[in-house]
file data_0.pdb (PDB, C-alpha atoms)
ATOM      1  CA  ILE R 375      -5.728 -29.398   4.111  1.00  0.00           C
ATOM      2  CA  VAL R 376      -2.359 -27.678   3.654  1.00  0.00           C
ATOM      3  CA  VAL R 377      -1.345 -30.238   0.980  1.00  0.00           C
ATOM      4  CA  ALA R 378      -4.666 -29.791  -0.823  1.00  0.00           C
ATOM      5  CA  ILE R 379      -4.287 -25.994  -0.904  1.00  0.00           C
ATOM      6  CA  ASN R 380      -0.784 -26.270  -2.345  1.00  0.00           C
ATOM      7  CA  LEU R 381      -1.797 -28.894  -4.923  1.00  0.00           C
ATOM      8  CA  ARG R 382      -4.544 -26.595  -6.129  1.00  0.00           C
ATOM      9  CA  GLU R 383      -1.902 -23.971  -6.976  1.00  0.00           C
ATOM     10  CA  VAL R 384       0.669 -26.359  -8.443  1.00  0.00           C
ATOM     11  CA  ALA R 385      -1.380 -28.966 -10.347  1.00  0.00           C
ATOM     12  CA  PRO R 386      -2.523 -26.710 -13.259  1.00  0.00           C
ATOM     13  CA  TRP R 387       1.115 -26.201 -14.319  1.00  0.00           C
ATOM     14  CA  TYR R 388       1.389 -29.948 -14.958  1.00  0.00           C
ATOM     15  CA  ASN R 389      -1.702 -30.208 -17.152  1.00  0.00           C
ATOM     16  CA  ARG R 390      -0.321 -31.937 -20.225  1.00  0.00           C
ATOM     17  CA  ARG R 391      -2.513 -29.976 -22.646  1.00  0.00           C
ATOM     18  CA  LYS R 392       0.141 -27.942 -24.377  1.00  0.00           C
ATOM     19  CA  ARG R 393      -0.555 -24.459 -25.621  1.00  0.00           C
ATOM     20  CA  THR R 394      -0.983 -24.058 -29.343  1.00  0.00           C
ATOM     21  CA  ALA R 395      -1.839 -21.176 -31.598  1.00  0.00           C
ATOM     22  CA  GLY R 396      -3.713 -23.477 -33.945  1.00  0.00           C
ATOM     23  CA  ASP R 397      -2.504 -25.653 -36.789  1.00  0.00           C
ATOM     24  CA  ARG R 398      -0.657 -23.815 -39.506  1.00  0.00           C
ATOM     25  CA  ASP R 399       1.741 -24.498 -42.338  1.00  0.00           C
ATOM     26  CA  GLY R 400       5.146 -22.900 -42.705  1.00  0.00           C
ATOM     27  CA  GLY R 401       5.699 -21.985 -39.060  1.00  0.00           C
ATOM     28  CA  ARG R 402       9.213 -20.992 -38.040  1.00  0.00           C
ATOM     29  CA  ARG R 403      10.882 -22.794 -35.132  1.00  0.00           C
ATOM     30  CA  MET R 404      13.271 -21.170 -32.673  1.00  0.00           C
ATOM     31  CA  LYS R 405      15.184 -22.683 -29.787  1.00  0.00           C
ATOM     32  CA  LEU R 406      15.832 -20.155 -27.021  1.00  0.00           C
ATOM     33  CA  ILE R 407      17.951 -20.543 -23.892  1.00  0.00           C
ATOM     34  CA  LEU R 408      17.933 -18.258 -20.861  1.00  0.00           C
ATOM     35  CA  ALA R 409      20.912 -18.588 -18.529  1.00  0.00           C
ATOM     36  CA  ASN R 410      21.655 -16.628 -15.378  1.00  0.00           C
ATOM     37  CA  VAL R 411      25.323 -17.598 -15.218  1.00  0.00           C
ATOM     38  CA  ASN R 412      25.989 -15.901 -11.826  1.00  0.00           C
ATOM     39  CA  HIS R 413      28.587 -13.146 -11.985  1.00  0.00           C
ATOM     40  CA  GLU R 414      30.719 -14.967  -9.385  1.00  0.00           C
ATOM     41  CA  ASN R 415      30.693 -18.272 -11.292  1.00  0.00           C
ATOM     42  CA  THR R 416      34.169 -19.252 -12.497  1.00  0.00           C
ATOM     43  CA  ALA R 417      33.071 -22.396 -14.382  1.00  0.00           C
ATOM     44  CA  ARG R 418      32.914 -20.522 -17.671  1.00  0.00           C
ATOM     45  CA  ALA R 419      34.172 -23.389 -19.822  1.00  0.00           C
ATOM     46  CA  ARG R 420      31.341 -25.507 -18.409  1.00  0.00           C
ATOM     47  CA  PHE R 421      28.760 -23.030 -19.614  1.00  0.00           C
ATOM     48  CA  ILE R 422      30.403 -22.661 -23.030  1.00  0.00           C
ATOM     49  CA  ALA R 423      30.256 -26.447 -23.430  1.00  0.00           C
ATOM     50  CA  PHE R 424      26.597 -26.412 -22.375  1.00  0.00           C
ATOM     51  CA  ALA R 425      25.726 -23.763 -24.974  1.00  0.00           C
ATOM     52  CA  GLN R 426      27.607 -25.598 -27.713  1.00  0.00           C
ATOM     53  CA  LYS R 427      25.903 -28.870 -26.795  1.00  0.00           C
ATOM     54  CA  HIS R 428      22.339 -27.495 -26.859  1.00  0.00           C
ATOM     55  CA  ASN R 429      23.068 -25.176 -29.779  1.00  0.00           C
ATOM     56  CA  PRO R 430      20.138 -22.728 -29.415  1.00  0.00           C
ATOM     57  CA  ASP R 431      19.126 -20.278 -32.131  1.00  0.00           C
ATOM     58  CA  ALA R 432      19.041 -17.490 -29.548  1.00  0.00           C
ATOM     59  CA  LEU R 433      20.766 -17.197 -26.192  1.00  0.00           C
ATOM     60  CA  VAL R 434      19.991 -14.732 -23.388  1.00  0.00           C
ATOM     61  CA  ILE R 435      22.688 -14.574 -20.719  1.00  0.00           C
ATOM     62  CA  GLN R 436      22.268 -12.624 -17.490  1.00  0.00           C
ATOM     63  CA  GLU R 437      24.778 -11.445 -14.858  1.00  0.00           C
ATOM     64  CA  VAL R 438      27.406 -10.904 -17.552  1.00  0.00           C
ATOM     65  CA  THR R 439      30.558  -9.188 -16.272  1.00  0.00           C
ATOM     66  CA  GLN R 440      33.489  -7.971 -18.342  1.00  0.00           C
ATOM     67  CA  GLY R 441      35.278 -11.217 -17.501  1.00  0.00           C
ATOM     68  CA  TRP R 442      32.308 -13.268 -18.666  1.00  0.00           C
ATOM     69  CA  ARG R 443      32.159 -11.191 -21.827  1.00  0.00           C
ATOM     70  CA  GLU R 444      35.735 -12.168 -22.678  1.00  0.00           C
ATOM     71  CA  SER R 445      34.949 -15.853 -22.118  1.00  0.00           C
ATOM     72  CA  LEU R 446      31.779 -15.657 -24.203  1.00  0.00           C
ATOM     73  CA  ARG R 447      33.801 -14.647 -27.258  1.00  0.00           C
ATOM     74  CA  ALA R 448      34.058 -18.401 -27.815  1.00  0.00           C
ATOM     75  CA  LEU R 449      30.425 -18.285 -28.958  1.00  0.00           C
ATOM     76  CA  HIS R 450      30.836 -15.461 -31.471  1.00  0.00           C
ATOM     77  CA  SER R 451      31.551 -17.865 -34.311  1.00  0.00           C
ATOM     78  CA  LEU R 452      28.121 -19.443 -33.741  1.00  0.00           C
ATOM     79  CA  TYR R 453      26.140 -16.224 -33.492  1.00  0.00           C
ATOM     80  CA  PRO R 454      26.588 -13.463 -36.085  1.00  0.00           C
ATOM     81  CA  PHE R 455      24.239 -11.087 -34.234  1.00  0.00           C
ATOM     82  CA  VAL R 456      25.349 -10.054 -30.753  1.00  0.00           C
ATOM     83  CA  GLU R 457      24.455  -7.476 -28.111  1.00  0.00           C
ATOM     84  CA  GLU R 458      26.598  -7.398 -24.959  1.00  0.00           C
ATOM     85  CA  LEU R 459      26.037  -5.077 -21.992  1.00  0.00           C
ATOM     86  CA  PRO R 460      28.412  -6.230 -19.223  1.00  0.00           C
ATOM     87  CA  LYS R 461      28.019  -4.811 -15.726  1.00  0.00           C
ATOM     88  CA  GLY R 462      29.233  -5.662 -12.256  1.00  0.00           C
ATOM     89  CA  GLY R 463      27.094  -6.899  -9.380  1.00  0.00           C
ATOM     90  CA  GLY R 464      24.897  -9.184 -11.468  1.00  0.00           C
ATOM     91  CA  ALA R 465      23.354  -6.424 -13.611  1.00  0.00           C
ATOM     92  CA  GLY R 466      24.953  -7.292 -16.964  1.00  0.00           C
ATOM     93  CA  ILE R 467      23.133  -8.911 -19.866  1.00  0.00           C
ATOM     94  CA  ALA R 468      23.910 -10.261 -23.329  1.00  0.00           C
ATOM     95  CA  PHE R 469      21.968 -11.577 -26.319  1.00  0.00           C
ATOM     96  CA  TYR R 470      23.307 -13.884 -29.043  1.00  0.00           C
ATOM     97  CA  SER R 471      21.246 -14.751 -32.118  1.00  0.00           C
ATOM     98  CA  ARG R 472      21.505 -16.584 -35.412  1.00  0.00           C
ATOM     99  CA  PHE R 473      18.728 -14.357 -36.703  1.00  0.00           C
ATOM    100  CA  PRO R 474      19.107 -10.666 -37.486  1.00  0.00           C
ATOM    101  CA  PHE R 475      17.539  -8.275 -35.014  1.00  0.00           C
ATOM    102  CA  GLU R 476      16.973  -4.589 -34.509  1.00  0.00           C
ATOM    103  CA  ARG R 477      17.817  -3.271 -31.049  1.00  0.00           C
ATOM    104  CA  LEU R 478      15.037  -1.038 -29.739  1.00  0.00           C
ATOM    105  CA  THR R 479      15.335   1.405 -26.871  1.00  0.00           C
ATOM    106  CA  VAL R 480      12.991   1.620 -23.917  1.00  0.00           C
ATOM    107  CA  ALA R 481      13.239   3.494 -20.601  1.00  0.00           C
ATOM    108  CA  PHE R 482      13.315   1.466 -17.392  1.00  0.00           C
ATOM    109  CA  PRO R 483      13.498   2.654 -13.757  1.00  0.00           C
ATOM    110  CA  GLU R 484      17.233   1.963 -13.251  1.00  0.00           C
ATOM    111  CA  GLY R 485      18.366   3.015 -16.713  1.00  0.00           C
ATOM    112  CA  ASP R 486      21.873   1.967 -17.754  1.00  0.00           C
ATOM    113  CA  ALA R 487      22.698   0.841 -14.219  1.00  0.00           C
ATOM    114  CA  ARG R 488      20.620  -2.284 -14.849  1.00  0.00           C
ATOM    115  CA  PRO R 489      20.263  -2.672 -18.609  1.00  0.00           C
ATOM    116  CA  ASN R 490      17.600  -4.534 -20.529  1.00  0.00           C
ATOM    117  CA  ILE R 491      17.498  -5.811 -24.084  1.00  0.00           C
ATOM    118  CA  LEU R 492      14.554  -5.201 -26.390  1.00  0.00           C
ATOM    119  CA  ALA R 493      15.042  -6.682 -29.846  1.00  0.00           C
ATOM    120  CA  LYS R 494      12.903  -7.167 -32.939  1.00  0.00           C
ATOM    121  CA  LEU R 495      13.909 -10.467 -34.559  1.00  0.00           C
ATOM    122  CA  ASN R 496      13.294 -11.668 -38.089  1.00  0.00           C
ATOM    123  CA  ILE R 497      13.173 -15.454 -38.002  1.00  0.00           C
ATOM    124  CA  ASP R 498      13.118 -16.329 -41.688  1.00  0.00           C
ATOM    125  CA  GLY R 499      10.129 -14.061 -42.249  1.00  0.00           C
ATOM    126  CA  ALA R 500       8.490 -14.494 -38.853  1.00  0.00           C
ATOM    127  CA  LEU R 501       8.755 -11.312 -36.785  1.00  0.00           C
ATOM    128  CA  VAL R 502       8.854 -11.358 -32.980  1.00  0.00           C
ATOM    129  CA  SER R 503       9.755  -8.838 -30.274  1.00  0.00           C
ATOM    130  CA  LEU R 504      11.900 -10.126 -27.411  1.00  0.00           C
ATOM    131  CA  LEU R 505      12.326  -8.290 -24.113  1.00  0.00           C
ATOM    132  CA  SER R 506      14.802  -9.521 -21.520  1.00  0.00           C
ATOM    133  CA  ILE R 507      14.921  -7.981 -18.050  1.00  0.00           C
ATOM    134  CA  HIS R 508      16.558  -8.915 -14.762  1.00  0.00           C
ATOM    135  CA  PRO R 509      14.845  -7.085 -11.899  1.00  0.00           C
ATOM    136  CA  ARG R 510      16.477  -6.709  -8.501  1.00  0.00           C
ATOM    137  CA  THR R 511      16.439  -9.482  -5.933  1.00  0.00           C
ATOM    138  CA  PRO R 512      13.784  -8.308  -3.436  1.00  0.00           C
ATOM    139  CA  ILE R 513      15.801  -8.871  -0.257  1.00  0.00           C
ATOM    140  CA  ARG R 514      15.709  -5.202   0.798  1.00  0.00           C
ATOM    141  CA  SER R 515      12.753  -2.832   0.835  1.00  0.00           C
ATOM    142  CA  LYS R 516      14.370  -0.587  -1.807  1.00  0.00           C
ATOM    143  CA  HIS R 517      15.169  -3.534  -4.076  1.00  0.00           C
ATOM    144  CA  TYR R 518      11.646  -4.900  -3.565  1.00  0.00           C
ATOM    145  CA  ARG R 519      10.253  -1.583  -4.780  1.00  0.00           C
ATOM    146  CA  LEU R 520      12.653  -1.433  -7.731  1.00  0.00           C
ATOM    147  CA  ARG R 521      11.762  -4.980  -8.774  1.00  0.00           C
ATOM    148  CA  ASN R 522       8.074  -4.139  -8.807  1.00  0.00           C
ATOM    149  CA  GLU R 523       8.676  -0.884 -10.683  1.00  0.00           C
ATOM    150  CA  THR R 524      10.724  -2.740 -13.305  1.00  0.00           C
ATOM    151  CA  LEU R 525       7.991  -5.327 -13.782  1.00  0.00           C
ATOM    152  CA  ALA R 526       5.397  -2.558 -14.143  1.00  0.00           C
ATOM    153  CA  ALA R 527       7.540  -0.740 -16.734  1.00  0.00           C
ATOM    154  CA  ALA R 528       8.074  -4.000 -18.627  1.00  0.00           C
ATOM    155  CA  ALA R 529       4.332  -4.664 -18.619  1.00  0.00           C
ATOM    156  CA  ASP R 530       3.662  -1.231 -20.150  1.00  0.00           C
ATOM    157  CA  CYS R 531       6.334  -1.854 -22.796  1.00  0.00           C
ATOM    158  CA  LEU R 532       5.061  -5.300 -23.729  1.00  0.00           C
ATOM    159  CA  ARG R 533       1.441  -4.195 -23.818  1.00  0.00           C
ATOM    160  CA  ASP R 534       2.302  -1.568 -26.445  1.00  0.00           C
ATOM    161  CA  LEU R 535       4.364  -3.856 -28.681  1.00  0.00           C
ATOM    162  CA  PRO R 536       2.575  -5.078 -31.823  1.00  0.00           C
ATOM    163  CA  GLY R 537       2.590  -8.671 -33.027  1.00  0.00           C
ATOM    164  CA  ALA R 538       4.231 -11.713 -31.482  1.00  0.00           C
ATOM    165  CA  LYS R 539       6.241 -11.053 -28.327  1.00  0.00           C
ATOM    166  CA  ILE R 540       8.428 -12.808 -25.761  1.00  0.00           C
ATOM    167  CA  CYS R 541       9.519 -11.750 -22.281  1.00  0.00           C
ATOM    168  CA  VAL R 542      12.402 -13.767 -20.851  1.00  0.00           C
ATOM    169  CA  GLY R 543      14.615 -13.366 -17.817  1.00  0.00           C
ATOM    170  CA  ASP R 544      15.364 -14.086 -14.200  1.00  0.00           C
ATOM    171  CA  LEU R 545      12.436 -12.052 -12.896  1.00  0.00           C
ATOM    172  CA  ASN R 546      13.214 -12.735  -9.221  1.00  0.00           C
ATOM    173  CA  ILE R 547       9.582 -13.544  -8.583  1.00  0.00           C
ATOM    174  CA  THR R 548       7.465 -16.688  -8.287  1.00  0.00           C
ATOM    175  CA  PRO R 549       4.215 -17.372 -10.163  1.00  0.00           C
ATOM    176  CA  TRP R 550       2.261 -17.049  -6.910  1.00  0.00           C
ATOM    177  CA  SER R 551       3.211 -13.445  -6.272  1.00  0.00           C
ATOM    178  CA  PRO R 552       0.439 -10.862  -6.791  1.00  0.00           C
ATOM    179  CA  TYR R 553       2.983  -8.775  -8.735  1.00  0.00           C
ATOM    180  CA  TYR R 554       3.604 -11.665 -11.120  1.00  0.00           C
ATOM    181  CA  ARG R 555      -0.119 -12.183 -11.589  1.00  0.00           C
ATOM    182  CA  SER R 556      -0.586  -8.478 -12.243  1.00  0.00           C
ATOM    183  CA  PHE R 557       2.224  -8.615 -14.817  1.00  0.00           C
ATOM    184  CA  VAL R 558       0.577 -11.530 -16.633  1.00  0.00           C
ATOM    185  CA  LYS R 559      -2.834  -9.866 -16.541  1.00  0.00           C
ATOM    186  CA  ARG R 560      -1.534  -6.575 -17.962  1.00  0.00           C
ATOM    187  CA  THR R 561       0.609  -8.132 -20.692  1.00  0.00           C
ATOM    188  CA  LYS R 562      -1.754 -11.008 -21.573  1.00  0.00           C
ATOM    189  CA  LEU R 563       1.315 -13.207 -21.937  1.00  0.00           C
ATOM    190  CA  VAL R 564       1.362 -16.870 -20.942  1.00  0.00           C
ATOM    191  CA  SER R 565       4.208 -18.748 -19.281  1.00  0.00           C
ATOM    192  CA  VAL R 566       5.825 -21.432 -21.427  1.00  0.00           C
ATOM    193  CA  SER R 567       5.728 -23.593 -18.279  1.00  0.00           C
ATOM    194  CA  LYS R 568       1.998 -24.171 -18.695  1.00  0.00           C
ATOM    195  CA  GLY R 569       1.650 -27.864 -19.466  1.00  0.00           C
ATOM    196  CA  PHE R 570       5.348 -28.552 -18.867  1.00  0.00           C
ATOM    197  CA  GLY R 571       5.493 -28.117 -15.083  1.00  0.00           C
ATOM    198  CA  LEU R 572       6.756 -25.372 -12.804  1.00  0.00           C
ATOM    199  CA  LEU R 573      10.388 -25.667 -14.007  1.00  0.00           C
ATOM    200  CA  PRO R 574      12.033 -24.666 -10.703  1.00  0.00           C
ATOM    201  CA  SER R 575      15.443 -23.116 -11.324  1.00  0.00           C
ATOM    202  CA  TRP R 576      16.854 -21.644  -8.075  1.00  0.00           C
ATOM    203  CA  PRO R 577      18.840 -22.312  -5.909  1.00  0.00           C
ATOM    204  CA  THR R 578      20.829 -25.193  -7.336  1.00  0.00           C
ATOM    205  CA  PHE R 579      22.488 -26.021  -4.002  1.00  0.00           C
ATOM    206  CA  LEU R 580      19.267 -27.597  -2.713  1.00  0.00           C
ATOM    207  CA  LEU R 581      19.404 -31.378  -2.743  1.00  0.00           C
ATOM    208  CA  PHE R 582      15.963 -31.886  -4.276  1.00  0.00           C
ATOM    209  CA  LYS R 583      14.727 -29.977  -7.294  1.00  0.00           C
ATOM    210  CA  CYS R 584      11.178 -29.955  -5.912  1.00  0.00           C
ATOM    211  CA  LEU R 585      12.405 -27.573  -3.185  1.00  0.00           C
ATOM    212  CA  MET R 586      13.699 -25.023  -5.706  1.00  0.00           C
ATOM    213  CA  LEU R 587      11.758 -21.953  -6.863  1.00  0.00           C
ATOM    214  CA  PRO R 588      10.742 -21.021 -10.436  1.00  0.00           C
ATOM    215  CA  LEU R 589      12.429 -17.608 -10.741  1.00  0.00           C
ATOM    216  CA  ASP R 590      13.562 -17.848 -14.378  1.00  0.00           C
ATOM    217  CA  HIS R 591      10.669 -17.185 -16.731  1.00  0.00           C
ATOM    218  CA  CYS R 592       9.751 -17.101 -20.381  1.00  0.00           C
ATOM    219  CA  LEU R 593       6.331 -15.721 -21.291  1.00  0.00           C
ATOM    220  CA  VAL R 594       4.901 -15.501 -24.793  1.00  0.00           C
ATOM    221  CA  SER R 595       1.905 -14.046 -26.600  1.00  0.00           C
ATOM    222  CA  ASP R 596      -0.860 -16.436 -27.613  1.00  0.00           C
ATOM    223  CA  ASP R 597       0.131 -16.356 -31.294  1.00  0.00           C
ATOM    224  CA  ILE R 598       3.289 -18.301 -30.419  1.00  0.00           C
ATOM    225  CA  ARG R 599       3.147 -22.093 -30.102  1.00  0.00           C
ATOM    226  CA  VAL R 600       5.243 -23.622 -27.323  1.00  0.00           C
ATOM    227  CA  VAL R 601       6.778 -26.870 -28.546  1.00  0.00           C
ATOM    228  CA  ASP R 602       8.853 -27.672 -25.454  1.00  0.00           C
ATOM    229  CA  ALA R 603      10.030 -26.081 -22.205  1.00  0.00           C
ATOM    230  CA  ARG R 604      12.437 -27.523 -19.659  1.00  0.00           C
ATOM    231  CA  THR R 605      15.352 -26.688 -17.386  1.00  0.00           C
ATOM    232  CA  GLY R 606      18.847 -27.741 -18.390  1.00  0.00           C
ATOM    233  CA  GLU R 607      21.675 -29.333 -16.470  1.00  0.00           C
ATOM    234  CA  PRO R 608      23.710 -27.344 -13.896  1.00  0.00           C
ATOM    235  CA  ILE R 609      26.195 -24.838 -15.343  1.00  0.00           C
ATOM    236  CA  GLY R 610      28.043 -23.871 -12.164  1.00  0.00           C
ATOM    237  CA  SER R 611      25.561 -21.098 -11.369  1.00  0.00           C
ATOM    238  CA  ASP R 612      22.995 -20.913  -8.583  1.00  0.00           C
ATOM    239  CA  HIS R 613      20.380 -20.966 -11.372  1.00  0.00           C
ATOM    240  CA  LEU R 614      19.487 -23.713 -13.817  1.00  0.00           C
ATOM    241  CA  PRO R 615      19.186 -22.601 -17.450  1.00  0.00           C
ATOM    242  CA  LEU R 616      15.791 -22.550 -19.133  1.00  0.00           C
ATOM    243  CA  ILE R 617      15.454 -24.210 -22.558  1.00  0.00           C
ATOM    244  CA  VAL R 618      12.445 -23.285 -24.706  1.00  0.00           C
ATOM    245  CA  GLU R 619      11.396 -24.290 -28.211  1.00  0.00           C
ATOM    246  CA  ILE R 620       8.696 -22.241 -29.914  1.00  0.00           C
ATOM    247  CA  GLU R 621       7.038 -21.904 -33.303  1.00  0.00           C
ATOM    248  CA  LEU R 622       6.051 -18.602 -34.908  1.00  0.00           C
ATOM    249  CA  GLU R 623       3.780 -17.780 -37.798  1.00  0.00           C
ATOM    250  CA  VAL R 624       5.169 -16.119 -40.894  1.00  0.00           C
ATOM    251  CA  GLU R 625       3.494 -12.784 -41.619  1.00  0.00           C
ATOM    252  CA  GLN R 626       1.762 -12.695 -44.982  1.00  0.00           C
TER     253      GLN R 626
END
call {"tool": "encode", "arguments": {"input": "data_0.pdb", "output": "structure tokens"}}
result
Amino acid sequence: IVVAINLREVAPWYNRRKRTAGDRDGGRRMKLILANVNHENTARARFIAFAQKHNPDALVIQEVTQGWRESLRALHSLYPFVEELPKGGGAGIAFYSRFPFERLTVAFPEGDARPNILAKLNIDGALVSLLSIHPRTPIRSKHYRLRNETLAAAADCLRDLPGAKICVGDLNITPWSPYYRSFVKRTKLVSVSKGFGLLPSWPTFLLFKCLMLPLDHCLVSDDIRVVDARTGEPIGSDHLPLIVEIELEVEQ
């Protein structure tokens, strides 16, 4: 009975019917990687090699410290458009893109203490809004509250954004949480994992991947076609990176 209950929750994520936004000509492809590099991770060259190998069009990096920022300069030659907001304690964030973007401002519960990135990208004529957040790890009652408040603020922001939209980040929440389900319901976004499996990403020290939790998420609006979604190889962090390929429609 216990196995059957759990299979009922897990099986739909492995339905091989991939999400599409319909057939269309002239769609624009983008490869996006999310990586929580772990602010204590010293294997920076390993991550740089990973990024160069997979060569994404856009790269969201979380837990960026000042030291990580210096190491990530090695990627500047690949990405002409950069936003870096280093912080200590795992709060820093950075965004690297081959496509031009406009940085938008939005108020979140912790302000500059735990920054977010909201960007409007132009992907060869296809416009998309991208929001990256990294809520607190809910191991204390205060952090639990702050995580939920951040998710609620992000849901309000995403709901008001026009057009195609993406939310990506280590959300420190599993798909079975009522707060996650509320977030999805309010934003009307869909996880890229649908049809590609749960994509567990944390913690990497567990021997079997099936024991890990899906804490790193990418959710998209239904006018975005998900071509592929998978986790990448270990990068020295306690999180696996998330690799996503999507297709967007060019606005007429």
call {"tool": "resolve_selection", "arguments": {"input": "data_0.pdb", "expression": "the PyMOL selection byres ((chain R and resi 510) around 9)", "output": "ChimeraX atom specification"}}
result
/R:465,488,508-509,511-513,517-522,524,545-546
call {"tool": "resolve_selection", "arguments": {"input": "data_0.pdb", "expression": "the PyMOL selection byres ((chain R and resi 469) around 9)", "output": "MDAnalysis selection string"}}
result
chainID R and resid 432:436 455:459 467:468 470:471 491 506
call {"tool": "write_last_selection", "arguments": {"input": "data_0.pdb", "atoms": "C-alpha atoms", "output": "mmCIF file, in the coordinates of the input"}}
result
data_model
loop_
_atom_site.group_PDB
_atom_site.id
_atom_site.type_symbol
_atom_site.label_atom_id
_atom_site.label_comp_id
_atom_site.auth_asym_id
_atom_site.auth_seq_id
_atom_site.Cartn_x
_atom_site.Cartn_y
_atom_site.Cartn_z
ATOM 1 C CA ALA R 432 19.041 -17.490 -29.548
ATOM 2 C CA LEU R 433 20.766 -17.197 -26.192
ATOM 3 C CA VAL R 434 19.991 -14.732 -23.388
ATOM 4 C CA ILE R 435 22.688 -14.574 -20.719
ATOM 5 C CA GLN R 436 22.268 -12.624 -17.490
ATOM 6 C CA PHE R 455 24.239 -11.087 -34.234
ATOM 7 C CA VAL R 456 25.349 -10.054 -30.753
ATOM 8 C CA GLU R 457 24.455 -7.476 -28.111
ATOM 9 C CA GLU R 458 26.598 -7.398 -24.959
ATOM 10 C CA LEU R 459 26.037 -5.077 -21.992
ATOM 11 C CA ILE R 467 23.133 -8.911 -19.866
ATOM 12 C CA ALA R 468 23.910 -10.261 -23.329
ATOM 13 C CA TYR R 470 23.307 -13.884 -29.043
ATOM 14 C CA SER R 471 21.246 -14.751 -32.118
ATOM 15 C CA ILE R 491 17.498 -5.811 -24.084
ATOM 16 C CA SER R 506 14.802 -9.521 -21.520
#
call {"tool": "resolve_selection", "arguments": {"input": "data_0.pdb", "expression": "the PyMOL selection byres ((chain R and resi 472-477) around 12)", "output": "ChimeraX atom specification"}}
result
/R:402-406,429-433,449-458,469-471,478-480,490-506
call {"tool": "residues_around", "arguments": {"input": "data_0.pdb", "residues": "region 610-626 of chain R", "least_positions_apart": "2", "cutoff": "6 Å", "atoms": "all atoms listed in the file", "output": "list in words"}}
result
Gly401, Arg402, Arg403, Met404, Lys405, Leu406, Ile407, Leu408, Ala409, Val411, Asn412, Asn415, Ala417, Gly499, Ala500, Ser575, Trp576, Pro577, Thr578, Ile598, Arg599, Val600, Val601, Asp602, Ala603, Arg604, Thr605, Gly606 and Pro608 of chain R
call {"tool": "atom_distance", "arguments": {"input": "data_0.pdb", "atom1": "CA of Cys531 (chain R)", "atom2": "CA of Asp590 (chain R)"}}
result
19.5 Å
call {"tool": "atom_distance", "arguments": {"input": "data_0.pdb", "atom1": "CA of Asn410 (chain R)", "atom2": "CA of Pro536 (chain R)"}}
result
27.7 Å
call {"tool": "atom_distance", "arguments": {"input": "data_0.pdb", "atom1": "CA of Pro574 (chain R)", "atom2": "CA of Cys592 (chain R)"}}
result
12.5 Å
call {"tool": "residues_around", "arguments": {"input": "data_0.pdb", "residues": "region 551-567 of chain R", "least_positions_apart": "5", "cutoff": "8 Å", "atoms": "all atoms listed in the file", "output": "PyMOL selection string"}}
result
chain R and resi 387+522+525-526+529-530+532-533+572-573+591-596+600+603-604+618
call {"tool": "closest_residue", "arguments": {"input": "data_0.pdb", "among": "R:Gly466, R:Pro588, R:Gly569, R:Pro489", "to": "Thr548 (chain R)", "atoms": "all atoms listed in the file"}}
result
R:Pro588
call {"tool": "axis_aligned_box", "arguments": {"input": "data_0.pdb", "around": "region 445-458 of chain R", "padding_each_side": "5 Å", "output": "AutoDock Vina command-line options"}}
result
--center_x 29.6 --center_y -13.4 --center_z -29.1 --size_x 20.7 --size_y 22.0 --size_z 24.0
call {"tool": "closest_residue", "arguments": {"input": "data_0.pdb", "among": "R:Gly485, R:Gly441, R:Gly463, R:Gly571", "to": "Pro549 (chain R)", "atoms": "all atoms listed in the file"}}
result
R:Gly571
call {"tool": "closest_residue", "arguments": {"input": "data_0.pdb", "among": "R:Leu446, R:Glu414, R:Asp597, R:Glu523", "to": "Lys539 (chain R)", "atoms": "all atoms listed in the file"}}
result
R:Asp597
